[in-house]
file my_file.txt (compact mmCIF, C-alpha atoms (C1' of nucleotides))
# COMPACT_ATOMS: atom_id res chain seq x y z
CA MET A 1 45.78 50.02 -31.56
CA SER A 2 48.90 51.97 -30.69
CA PRO A 3 52.27 50.39 -30.11
CA PRO A 4 53.35 49.77 -26.50
CA ASN A 5 56.67 51.56 -26.73
CA GLY A 6 57.56 53.53 -29.79
CA GLN A 7 57.21 52.29 -33.32
CA PHE A 8 57.39 48.67 -34.06
CA THR A 9 58.65 46.59 -36.88
CA LEU A 10 56.74 43.49 -37.71
CA CYS A 11 59.41 40.99 -38.37
CA THR A 12 58.63 37.40 -38.90
CA LEU A 13 59.42 34.11 -40.44
CA GLU A 14 55.71 33.73 -40.94
CA LEU A 15 55.52 33.15 -44.65
CA ARG A 16 51.82 33.36 -45.26
CA TRP A 17 51.37 37.13 -45.33
CA ARG A 18 50.49 38.62 -48.69
CA LYS A 19 50.28 42.19 -49.84
CA SER A 20 46.55 42.73 -50.38
CA ALA A 21 46.59 46.44 -51.24
CA GLU A 22 48.97 49.35 -51.20
CA ASP A 23 50.43 49.31 -47.72
CA GLU A 24 48.20 46.47 -46.49
CA TRP A 25 49.13 42.91 -45.59
CA SER A 26 46.72 40.02 -45.09
CA MET A 27 46.52 36.39 -44.17
CA ALA A 28 43.97 33.84 -43.08
CA LEU A 29 44.27 33.10 -39.39
CA HIS A 30 41.92 31.34 -36.98
CA GLY A 31 39.06 31.19 -39.43
CA ARG A 32 39.14 34.82 -40.58
CA ILE A 33 41.14 37.02 -42.89
CA LEU A 34 43.27 39.37 -40.88
CA SER A 35 44.62 42.53 -42.50
CA PHE A 36 47.16 45.00 -41.19
CA ARG A 37 48.08 48.50 -42.13
CA GLN A 38 50.58 50.64 -40.30
CA ASP A 39 51.01 54.42 -40.09
CA ALA A 40 53.30 56.63 -38.05
CA THR A 41 51.40 56.17 -34.82
CA HIS A 42 49.12 53.17 -35.10
CA LEU A 43 48.78 49.66 -36.28
CA HIS A 44 45.39 49.21 -37.94
CA TYR A 45 43.79 45.85 -38.34
CA ARG A 46 40.57 44.41 -39.68
CA ALA A 47 39.14 40.94 -39.89
CA VAL A 48 36.82 39.49 -42.48
CA PHE A 49 34.85 36.43 -41.44
CA PRO A 50 33.43 33.89 -43.86
CA PRO A 51 29.73 34.36 -44.61
CA VAL A 52 27.39 32.68 -42.14
CA LEU A 53 25.88 29.55 -43.62
CA PRO A 54 22.16 29.64 -44.53
CA THR A 55 21.44 26.91 -41.99
CA PRO A 56 20.79 28.25 -38.46
CA PRO A 57 24.11 28.90 -36.71
CA PRO A 58 24.96 26.68 -33.73
CA ALA A 59 23.72 28.01 -30.40
CA ASN A 60 27.23 28.78 -29.18
CA ALA A 61 28.31 30.66 -32.33
CA PRO A 62 29.97 33.97 -31.48
CA SER A 63 27.98 37.14 -32.08
CA ALA A 64 29.49 39.90 -34.20
CA ALA A 65 30.47 41.81 -31.06
CA THR A 66 32.42 38.96 -29.48
CA GLU A 67 34.01 38.20 -32.81
CA GLU A 68 35.48 41.67 -32.71
CA GLU A 69 36.79 41.39 -29.18
CA ASP A 70 38.12 38.02 -30.07
CA THR A 71 40.02 39.45 -33.02
CA LEU A 72 41.72 42.11 -30.90
CA ALA A 73 42.73 39.44 -28.40
CA LEU A 74 43.96 37.27 -31.26
CA VAL A 75 46.03 40.12 -32.70
CA ARG A 76 47.57 40.85 -29.30
CA HIS A 77 48.32 37.21 -28.83
CA TYR A 78 49.69 36.60 -32.29
CA LEU A 79 51.94 39.67 -32.34
CA ASN A 80 53.12 38.88 -28.82
CA LEU A 81 52.73 42.48 -27.72
CA GLU A 82 52.80 41.86 -23.99
CA PRO A 83 56.55 41.82 -23.25
CA ASN A 84 58.30 45.16 -22.88
CA LEU A 85 60.79 44.98 -25.72
CA ALA A 86 62.75 48.11 -24.93
CA GLN A 87 63.45 46.72 -21.49
CA LEU A 88 64.51 43.39 -22.91
CA TYR A 89 66.85 45.06 -25.40
CA GLU A 90 68.46 46.89 -22.50
CA LEU A 91 68.92 43.68 -20.62
CA TRP A 92 70.54 41.93 -23.57
CA ALA A 93 72.72 44.93 -24.36
CA SER A 94 73.97 45.26 -20.80
CA ALA A 95 74.97 41.61 -20.77
CA ASP A 96 76.57 41.56 -24.20
CA PRO A 97 78.69 44.26 -25.89
CA ASN A 98 78.22 42.66 -29.28
CA PHE A 99 74.45 42.85 -28.95
CA LYS A 100 74.77 46.43 -27.82
CA LYS A 101 76.77 47.23 -30.91
CA ARG A 102 74.54 45.55 -33.49
CA ALA A 103 71.00 45.80 -32.17
CA PRO A 104 70.27 49.57 -32.24
CA LYS A 105 69.38 49.56 -35.93
CA PHE A 106 66.99 46.68 -35.42
CA THR A 107 64.56 47.70 -32.72
CA GLY A 108 61.03 46.42 -32.33
CA ILE A 109 61.63 42.87 -33.45
CA ARG A 110 59.14 40.50 -31.92
CA ILE A 111 58.83 36.75 -32.07
CA LEU A 112 55.35 35.93 -33.29
CA ARG A 113 53.28 33.32 -31.56
CA GLN A 114 52.52 31.13 -34.51
CA ASP A 115 50.23 28.16 -34.48
CA PRO A 116 52.21 25.10 -33.32
CA TRP A 117 51.05 22.79 -36.08
CA GLU A 118 51.62 25.35 -38.79
CA ALA A 119 55.05 26.12 -37.41
CA LEU A 120 55.97 22.45 -37.36
CA ILE A 121 55.05 21.87 -41.00
CA GLY A 122 56.44 25.22 -42.08
CA PHE A 123 59.82 24.54 -40.56
CA ILE A 124 59.94 21.03 -41.94
CA CYS A 125 59.62 22.74 -45.33
CA SER A 126 62.48 25.06 -44.44
CA SER A 127 65.29 22.51 -44.41
CA ASN A 128 67.94 23.18 -47.03
CA ASN A 129 65.67 25.77 -48.55
CA ASN A 130 65.20 29.49 -49.13
CA ILE A 131 62.48 31.87 -47.97
CA ALA A 132 60.90 32.48 -51.38
CA ARG A 133 60.51 28.80 -52.06
CA ILE A 134 59.31 27.92 -48.55
CA SER A 135 56.73 30.63 -48.84
CA GLY A 136 55.48 29.18 -52.11
CA MET A 137 55.30 25.72 -50.59
CA VAL A 138 53.33 26.82 -47.53
CA HIS A 139 51.06 28.75 -49.81
CA ASN A 140 50.44 25.64 -51.86
CA LEU A 141 49.64 23.62 -48.76
CA CYS A 142 46.95 26.14 -47.83
CA LYS A 143 45.62 26.44 -51.35
CA HIS A 144 45.22 22.71 -51.91
CA TYR A 145 44.45 21.41 -48.42
CA GLY A 146 43.34 24.33 -46.28
CA PRO A 147 39.78 25.60 -45.81
CA LEU A 148 38.84 28.60 -47.93
CA ILE A 149 38.14 31.56 -45.68
CA GLY A 150 37.34 34.24 -48.25
CA HIS A 151 38.65 36.60 -50.88
CA ILE A 152 40.31 39.98 -50.95
CA ASP A 153 40.59 41.66 -54.30
CA GLY A 154 39.69 38.42 -56.04
CA GLU A 155 42.52 36.59 -54.27
CA ALA A 156 41.56 33.49 -52.29
CA TYR A 157 42.69 33.17 -48.68
CA HIS A 158 42.91 29.73 -47.14
CA ASP A 159 43.65 28.81 -43.57
CA PHE A 160 46.44 26.37 -42.83
CA PRO A 161 45.40 22.73 -43.37
CA THR A 162 44.64 20.42 -40.46
CA PRO A 163 46.81 17.35 -39.76
CA GLU A 164 43.95 15.18 -41.04
CA ALA A 165 43.88 16.99 -44.37
CA LEU A 166 47.61 16.36 -44.84
CA ALA A 167 47.39 12.76 -43.67
CA ASP A 168 45.55 11.66 -46.81
CA PRO A 169 47.49 8.92 -48.65
CA LYS A 170 47.57 10.93 -51.87
CA VAL A 171 49.31 13.88 -50.29
CA GLU A 172 52.90 12.74 -50.65
CA ALA A 173 52.79 12.18 -54.40
CA HIS A 174 50.87 15.38 -54.94
CA LEU A 175 53.32 17.44 -52.92
CA LYS A 176 56.17 15.97 -54.92
CA GLU A 177 54.44 17.18 -58.08
CA LEU A 178 54.15 20.57 -56.49
CA GLY A 179 57.90 20.70 -56.03
CA PHE A 180 58.28 19.79 -52.36
CA GLY A 181 61.06 17.28 -53.08
CA TYR A 182 62.03 15.01 -50.22
CA ARG A 183 60.04 17.17 -47.80
CA ALA A 184 56.84 15.70 -49.22
CA LYS A 185 57.54 12.45 -47.39
CA TYR A 186 58.41 14.24 -44.14
CA ILE A 187 55.17 16.22 -44.22
CA ALA A 188 53.01 13.21 -45.03
CA LYS A 189 54.62 11.12 -42.29
CA THR A 190 54.39 13.86 -39.69
CA ALA A 191 50.77 14.58 -40.58
CA ARG A 192 49.87 10.92 -40.19
CA ILE A 193 51.60 10.64 -36.84
CA VAL A 194 49.89 13.74 -35.51
CA ALA A 195 46.47 12.98 -37.01
CA GLU A 196 46.29 9.28 -36.22
CA GLU A 197 48.67 8.69 -33.36
CA LYS A 198 49.68 11.58 -31.14
CA GLY A 199 46.96 14.13 -31.82
CA LEU A 200 47.13 17.90 -31.96
CA LYS A 201 46.69 17.93 -28.22
CA TRP A 202 50.10 16.34 -27.84
CA LEU A 203 51.69 19.19 -29.76
CA GLU A 204 49.76 21.85 -27.90
CA GLU A 205 50.74 20.40 -24.57
CA LEU A 206 54.38 20.85 -25.52
CA CYS A 207 53.75 24.61 -25.45
CA ASN A 208 55.33 26.80 -22.85
CA PRO A 209 52.55 27.03 -20.23
CA GLU A 210 53.41 30.71 -19.81
CA SER A 211 52.55 31.18 -23.47
CA PRO A 212 49.81 28.70 -24.35
CA VAL A 213 47.85 28.52 -27.59
CA PHE A 214 45.29 31.25 -28.16
CA GLY A 215 42.41 31.11 -25.70
CA LYS A 216 44.11 29.15 -22.90
CA GLU A 217 45.10 30.50 -19.50
CA PRO A 218 48.84 30.96 -18.86
CA LYS A 219 50.55 29.05 -16.04
CA PRO A 220 54.11 29.26 -14.64
CA ALA A 221 56.79 27.28 -16.45
CA GLY A 222 59.63 26.53 -14.04
CA GLU A 223 63.18 27.82 -13.72
CA LEU A 224 65.76 28.33 -16.42
CA LEU A 225 68.55 25.76 -16.52
CA GLU A 226 71.62 25.79 -18.72
CA GLY A 227 69.94 23.71 -21.36
CA GLY A 228 66.64 25.58 -21.02
CA ARG A 229 63.59 24.91 -18.87
CA GLU A 230 62.43 21.35 -18.34
CA GLY A 231 59.41 21.79 -20.59
CA TYR A 232 61.53 23.19 -23.38
CA ARG A 233 63.92 20.24 -23.23
CA THR A 234 61.04 17.79 -23.35
CA ALA A 235 59.41 19.59 -26.27
CA HIS A 236 62.68 19.66 -28.19
CA GLU A 237 63.31 15.99 -27.58
CA GLU A 238 59.80 14.93 -28.58
CA LEU A 239 59.91 16.95 -31.77
CA LEU A 240 63.25 15.36 -32.70
CA ALA A 241 61.53 12.00 -32.97
CA LEU A 242 59.58 13.21 -36.01
CA HIS A 243 60.91 12.53 -39.46
CA GLY A 244 62.49 15.60 -41.02
CA VAL A 245 62.90 17.33 -37.67
CA GLY A 246 66.46 17.81 -36.50
CA PRO A 247 67.83 20.07 -33.76
CA LYS A 248 67.44 23.29 -35.73
CA VAL A 249 63.91 22.69 -36.95
CA ALA A 250 62.87 21.51 -33.47
CA ASP A 251 64.24 24.74 -32.02
CA CYS A 252 62.40 26.88 -34.56
CA VAL A 253 59.15 25.14 -33.67
CA CYS A 254 59.88 25.52 -29.96
CA LEU A 255 60.60 29.22 -30.33
CA MET A 256 57.98 30.39 -32.82
CA GLY A 257 55.26 27.78 -32.40
CA LEU A 258 55.46 26.61 -28.80
CA GLY A 259 56.47 29.84 -27.08
CA TRP A 260 59.77 28.60 -25.61
CA SER A 261 61.68 31.87 -25.68
CA GLU A 262 64.99 30.33 -24.56
CA SER A 263 65.15 28.18 -27.65
CA VAL A 264 68.08 29.18 -29.86
CA PRO A 265 67.97 27.68 -33.36
CA VAL A 266 71.52 27.42 -34.67
CA ASP A 267 71.53 27.52 -38.44
CA THR A 268 74.48 28.39 -40.66
CA HIS A 269 73.92 32.13 -40.13
CA VAL A 270 73.95 31.83 -36.38
CA TRP A 271 76.95 29.56 -36.62
CA GLN A 272 78.76 32.26 -38.61
CA ILE A 273 77.84 34.80 -35.95
CA ALA A 274 78.99 32.48 -33.19
CA GLN A 275 82.36 32.09 -34.88
CA ARG A 276 82.80 35.74 -35.76
CA ASP A 277 81.64 37.32 -32.52
CA TYR A 278 81.59 34.66 -29.81
CA LYS A 279 84.84 32.76 -30.23
CA PHE A 280 83.44 29.54 -31.55
CA GLY A 281 84.98 27.68 -34.48
CA LYS A 282 88.20 26.56 -32.86
CA GLY A 283 89.43 23.44 -31.08
CA LYS A 284 86.67 21.28 -29.68
CA HIS A 285 84.02 23.30 -31.48
CA SER A 286 85.59 23.75 -34.89
CA SER A 287 82.58 22.45 -36.82
CA LEU A 288 78.85 22.50 -36.19
CA THR A 289 78.36 19.05 -34.72
CA ALA A 290 75.52 18.12 -32.39
CA ALA A 291 77.78 18.87 -29.42
CA THR A 292 78.76 22.25 -30.83
CA TYR A 293 75.12 23.02 -31.53
CA THR A 294 74.15 22.70 -27.88
CA ALA A 295 77.29 24.49 -26.74
CA VAL A 296 76.39 27.50 -28.90
CA ALA A 297 72.76 27.51 -27.79
CA ASN A 298 73.80 27.15 -24.13
CA ARG A 299 76.26 30.00 -24.44
CA PHE A 300 73.59 32.31 -25.80
CA ARG A 301 71.16 31.29 -23.08
CA GLN A 302 73.82 31.96 -20.47
CA LEU A 303 74.51 35.35 -22.02
CA TRP A 304 70.98 36.59 -22.74
CA GLY A 305 68.82 34.59 -20.35
CA LYS A 306 65.26 33.36 -20.66
CA GLU A 307 64.49 35.30 -23.84
CA ALA A 308 67.68 34.21 -25.60
CA GLY A 309 65.73 33.17 -28.66
CA TRP A 310 64.49 36.72 -29.14
CA ALA A 311 67.92 38.23 -28.77
CA HIS A 312 69.23 35.66 -31.19
CA SER A 313 66.58 36.67 -33.72
CA VAL A 314 67.65 40.29 -33.48
CA LEU A 315 71.26 39.45 -34.31
CA PHE A 316 70.10 37.04 -36.97
CA THR A 317 68.03 39.79 -38.59
CA ALA A 318 70.89 42.26 -38.42
CA ASP A 319 73.12 39.75 -40.15
CA LEU A 320 70.54 38.85 -42.76
CA LYS A 321 70.03 42.51 -43.59
CA ALA A 322 73.72 43.06 -44.11
CA PHE A 323 73.81 39.96 -46.27
CA SER A 324 70.86 40.91 -48.44
CA GLU A 325 72.33 44.35 -49.05
CA ARG A 326 75.48 42.74 -50.40
CA VAL A 327 73.45 40.52 -52.70
CA VAL A 328 71.28 43.34 -54.02
CA ALA A 329 74.36 45.32 -54.94
CA LYS A 330 75.67 42.40 -56.95
CA THR A 331 72.40 41.62 -58.72
CA GLU A 332 71.53 45.06 -60.01
CA VAL A 333 73.75 44.90 -63.07
CA LYS A 334 72.26 41.63 -64.23
CA GLU A 335 68.71 42.88 -63.95
CA GLU A 336 69.24 45.52 -66.60
CA LYS A 337 70.47 43.05 -69.14
CA VAL A 338 67.56 40.72 -68.59
CA THR A 339 64.96 43.46 -68.88
CA ILE A 340 65.98 44.18 -72.44
CA LYS A 341 65.45 40.62 -73.52
CA GLN A 342 61.97 40.56 -72.09
CA GLU A 343 60.13 42.41 -74.81
CA GLU A 344 59.19 39.30 -76.72
CA SER A 345 57.20 37.95 -73.82
CA ASP A 346 53.88 39.32 -72.72
CA ILE A 347 53.47 38.06 -69.19
CA VAL A 348 55.33 40.10 -66.69
CA GLU A 349 55.22 37.58 -63.89
CA GLU A 350 56.76 34.91 -65.98
CA ILE A 351 59.67 37.13 -66.76
CA LYS A 352 60.43 37.72 -63.16
CA VAL A 353 60.33 34.04 -62.52
CA ASP A 354 62.71 33.20 -65.33
CA ARG A 355 65.14 35.79 -64.17
CA THR A 356 65.13 34.42 -60.68
CA VAL A 357 65.89 30.98 -61.94
CA LYS A 358 68.67 32.15 -64.18
CA THR A 359 70.24 34.23 -61.48
CA LYS A 360 70.14 31.35 -59.11
CA LYS A 361 71.74 29.01 -61.56
CA ARG A 362 74.56 31.37 -62.23
CA ILE A 363 75.35 31.71 -58.59
CA LYS A 364 74.97 28.08 -57.74
CA THR A 365 77.23 25.74 -59.62
CA GLU A 366 75.52 22.42 -59.12
CA GLU A 367 73.74 20.51 -56.40
CA ASP A 368 70.30 21.99 -56.99
CA GLU A 369 67.60 19.45 -56.49
CA PRO A 370 65.80 18.32 -59.60
CA GLU A 371 62.88 20.28 -58.36
CA HIS A 372 61.03 22.95 -60.24
CA GLU A 373 59.09 24.91 -57.65
CA VAL A 374 55.63 26.21 -58.26
CA ILE A 375 56.91 28.01 -61.25
CA GLN A 376 57.35 25.05 -63.50
CA THR A 377 53.85 24.81 -64.85
CA LYS A 378 54.23 28.25 -66.33
CA ARG A 379 57.61 27.62 -67.82
CA GLU A 380 56.62 24.34 -69.38
CA THR A 381 54.17 26.06 -71.66
CA ARG A 382 57.03 27.47 -73.59
CA ALA A 383 59.58 24.75 -73.18
CA ARG A 384 57.51 21.65 -73.82
CA SER A 385 57.65 21.45 -77.60
CA LYS A 386 61.42 21.27 -77.56
CA ARG A 387 61.71 19.07 -74.56
CA GLN A 388 59.34 16.28 -75.48
CA ARG A 389 61.17 14.71 -78.37
CA SER A 390 63.88 13.20 -76.19
CA GLY A 391 61.32 11.40 -74.00
C1' DA B 1 73.28 31.34 -48.29
C1' DT B 2 71.19 25.96 -46.20
C1' DG B 3 68.99 20.93 -42.56
C1' DT B 4 68.17 15.99 -41.92
C1' DA B 5 68.87 11.03 -42.37
C1' DG B 6 71.50 7.26 -43.43
C1' DC B 7 75.56 5.02 -44.21
C1' DC B 8 80.50 4.80 -43.69
C1' DT B 9 85.01 4.87 -41.24
C1' DC B 10 87.86 5.42 -37.44
C1' DG B 11 89.50 5.02 -32.80
C1' DG B 12 88.96 4.04 -27.91
C1' DG B 13 87.30 0.91 -24.75
C1' DT B 14 86.13 -3.80 -23.24
C1' DA C 1 91.04 -10.81 -31.11
C1' DA C 2 86.49 -9.69 -31.74
C1' DC C 3 83.18 -6.73 -30.70
C1' DC C 4 80.59 -2.50 -29.19
C1' DC C 5 79.71 2.19 -29.61
C1' DG C 6 79.90 7.05 -30.22
C1' DA C 7 81.86 10.81 -32.84
C1' DG C 8 82.62 12.77 -37.05
C1' DG C 9 82.65 12.75 -42.24
C1' DC C 10 80.21 12.40 -46.47
C1' DT C 11 76.22 12.70 -49.42
C1' DA C 12 71.41 12.04 -51.20
C1' DC C 13 67.28 14.12 -50.66

call {"tool": "encode", "arguments": {"input": "my_file.txt", "output": "structure tokens"}}
result
Amino acid sequence: MSPPNGQFTLCTLELRWRKSAEDEWSMALHGRILSFRQDATHLHYRAVFPPVLPTPPPANAPSAATEEEDTLALVRHYLNLEPNLAQLYELWASADPNFKKRAPKFTGIRILRQDPWEALIGFICSSNNNIARISGMVHNLCKHYGPLIGHIDGEAYHDFPTPEALADPKVEAHLKELGFGYRAKYIAKTARIVAEEKGLKWLEELCNPESPVFGKEPKPAGELLEGGREGYRTAHEELLALHGVGPKVADCVCLMGLGWSESVPVDTHVWQIAQRDYKFGKGKHSSLTAATYTAVANRFRQLWGKEAGWAHSVLFTADLKAFSERVVAKTEVKEEKVTIKQEESDIVEEIKVDRTVKTKKRIKTEEDEPEHEVIQTKRETRARSKRQRSG
DNA sequence: ATGTAGCCTCGGGT
DNA sequence: AACCCGAGGCTAC
């Protein structure tokens, strides 16, 4: 398929994509493995379905032809290609000089339409956490509790687990072992509430009717109010009742999982932006309290309108890019030193991991959770003999 | 480089 | 005076 208006960047907080070949990215989605490759003019995709079982397929099983149509529709839906982004950028820029100044280097950013349930669990994992670790956690959820869809290059691809799969009583302890920390309890509780009490239907009905889950017909969603449309407010409020879901996580789920484009998640980055460029941080709104949170979100909605969450993501990305460039510059020197030490070891991946941990510890002074990420199993192999005598 | 929950204190209002 | 209650601060997870 070719892009609707000029080139497009695929930018996402979707953490499940993996590099499956040179220049190709894949993930399991809706019961198939979806792969993307991009060249100067086109976005190429392919889908690999799991093998058909030897038993006769159910009468309503899709034929190969409809599977293909279905995949194109799924790709269009998932990448949210319908809205005219260039037009939206113009709208945001004309309303806001700061956006106009910062956005030009970050065109083509789209909010994905992620699965509501996956978004909910993913963003519960995100609290007080960093992208690399969240990605590892989500990956572990799929690996241990999600259905296996297939393999690419010997790598297994699992779909995201159902609420039922995560509602099993053993899940919490297991997730703790896997390094989820206090989020293990949040996930287990949320899964139980959704699986046994509210149902997935509840979550899906919180979707913006203009942007329903894949396969449903869109319906109008009402007018924009200062605090967002009625349906958005309800969705936000209902999500807040879940354990481990505060205002920011609820907004992320609303924006990326439920299709509420006016949702503006205010995390520390956005709070920095609000202070630097939008005159927050003084007087009544000197710290990020609940009241300040809504004031910031309302201000951005007032400024950018119904798609405020998109505009917010553009500025967020611009800021993140600037930040990561500063960090890379600082880290380069350290990398050289570490590489020299590595010769004794024979596993390249392990080296990388150790370096990451060391670097982190140098930057952070304390406070790190006593968690060990996915990585620990590998590291223990070397460390155990020394460690065990004190136990 | 990053949120949430729970518990505490403080101050205004009744 | 005793109590309620919400806002804001602090901290474990």

call {"tool": "closest_atom_pairs", "arguments": {"input": "my_file.txt", "of": "chain A", "to": "chain B", "cutoff": "7 Å", "atoms": "all atoms listed in the file", "output": "Markdown table"}}
result
| residue | atom | partner | partner_atom | distance |
| --- | --- | --- | --- | --- |
| A:Ser127 | CA | B:DG3 | C1' | 4.4 |
| A:Asn128 | CA | B:DT2 | C1' | 4.4 |
| A:Asn129 | CA | B:DT2 | C1' | 6.0 |
| A:Gly244 | CA | B:DT4 | C1' | 5.8 |
| A:Val245 | CA | B:DT4 | C1' | 6.9 |
| A:Gly246 | CA | B:DT4 | C1' | 6.0 |
| A:Thr268 | CA | B:DT2 | C1' | 6.9 |

call {"tool": "interface_residues", "arguments": {"input": "my_file.txt", "of": "chain A", "to": "chain C", "cutoff": "9 Å", "atoms": "only C-alpha atoms (C1' of nucleotides)", "output": "NGL selection string"}}
result
:A and (181-183 or 289 or 369)

call {"tool": "write_last_selection", "arguments": {"input": "my_file.txt", "atoms": "C-alpha atoms", "output": "short mmCIF file (atom, residue, chain, number, x, y, z; two decimals), in the coordinates of the input"}}
result
data_model
loop_
_atom_site.label_atom_id
_atom_site.label_comp_id
_atom_site.auth_asym_id
_atom_site.auth_seq_id
_atom_site.Cartn_x
_atom_site.Cartn_y
_atom_site.Cartn_z
CA GLY A 181 61.06 17.28 -53.08
CA TYR A 182 62.03 15.01 -50.22
CA ARG A 183 60.04 17.17 -47.80
CA THR A 289 78.36 19.05 -34.72
CA GLU A 369 67.60 19.45 -56.49
#

call {"tool": "atom_distance", "arguments": {"input": "my_file.txt", "atom1": "CA of Thr41 (chain A)", "atom2": "CA of Tyr89 (chain A)"}}
result
21.2 Å

call {"tool": "atom_distance", "arguments": {"input": "my_file.txt", "atom1": "CA of Asp159 (chain A)", "atom2": "CA of Thr317 (chain A)"}}
result
27.2 Å

call {"tool": "atom_distance", "arguments": {"input": "my_file.txt", "atom1": "CA of Val194 (chain A)", "atom2": "CA of Ser135 (chain A)"}}
result
22.6 Å

call {"tool": "residues_around", "arguments": {"input": "my_file.txt", "residues": "Tyr78 (chain A)", "least_positions_apart": "6", "cutoff": "10 Å", "atoms": "all atoms listed in the file", "output": "ChimeraX atom specification"}}
result
/A:29,72,111-115,213-214

call {"tool": "write_last_selection", "arguments": {"input": "my_file.txt", "atoms": "C-alpha atoms", "output": "PDB file, in the coordinates of the input"}}
result
ATOM      1  CA  LEU A  29      44.270  33.100 -39.390  1.00  0.00           C
ATOM      2  CA  LEU A  72      41.720  42.110 -30.900  1.00  0.00           C
ATOM      3  CA  ILE A 111      58.830  36.750 -32.070  1.00  0.00           C
ATOM      4  CA  LEU A 112      55.350  35.930 -33.290  1.00  0.00           C
ATOM      5  CA  ARG A 113      53.280  33.320 -31.560  1.00  0.00           C
ATOM      6  CA  GLN A 114      52.520  31.130 -34.510  1.00  0.00           C
ATOM      7  CA  ASP A 115      50.230  28.160 -34.480  1.00  0.00           C
ATOM      8  CA  VAL A 213      47.850  28.520 -27.590  1.00  0.00           C
ATOM      9  CA  PHE A 214      45.290  31.250 -28.160  1.00  0.00           C
TER      10      PHE A 214
END

call {"tool": "decode", "arguments": {"input": "my_file.txt", "residues": "region 76-107 of chain A", "atoms": "C-alpha atoms", "output": "compact mmCIF listing (two decimals), in the first residue's frame"}}
result
# COMPACT_ATOMS: atom_id res chain seq x y z
CA ARG A 76 -5.54 0.08 7.85
CA HIS A 77 -7.37 -0.05 11.12
CA TYR A 78 -4.35 -0.68 13.28
CA LEU A 79 -2.19 2.02 11.69
CA ASN A 80 -5.10 4.44 11.82
CA LEU A 81 -4.47 5.60 8.27
CA GLU A 82 -7.84 7.25 7.70
CA PRO A 83 -7.29 10.74 9.17
CA ASN A 84 -5.50 13.29 7.00
CA LEU A 85 -2.45 14.00 9.12
CA ALA A 86 -1.04 16.86 7.09
CA GLN A 87 -4.31 18.69 7.53
CA LEU A 88 -4.34 18.01 11.25
CA TYR A 89 -0.76 19.26 11.63
CA GLU A 90 -1.82 22.48 9.91
CA LEU A 91 -4.72 22.87 12.26
CA TRP A 92 -2.57 22.37 15.34
CA ALA A 93 0.16 24.64 14.01
CA SER A 94 -2.25 27.46 13.20
CA ALA A 95 -3.64 27.33 16.72
CA ASP A 96 -0.32 27.05 18.51
CA PRO A 97 3.00 28.76 17.67
CA ASN A 98 4.92 26.34 19.84
CA PHE A 99 3.55 23.38 17.92
CA LYS A 100 4.37 25.15 14.69
CA LYS A 101 7.93 25.60 15.83
CA ARG A 102 8.59 22.05 17.05
CA ALA A 103 6.50 19.76 14.88
CA PRO A 104 8.06 20.14 11.39
CA LYS A 105 10.85 17.66 12.12
CA PHE A 106 8.33 15.11 13.35
CA THR A 107 5.80 14.62 10.60
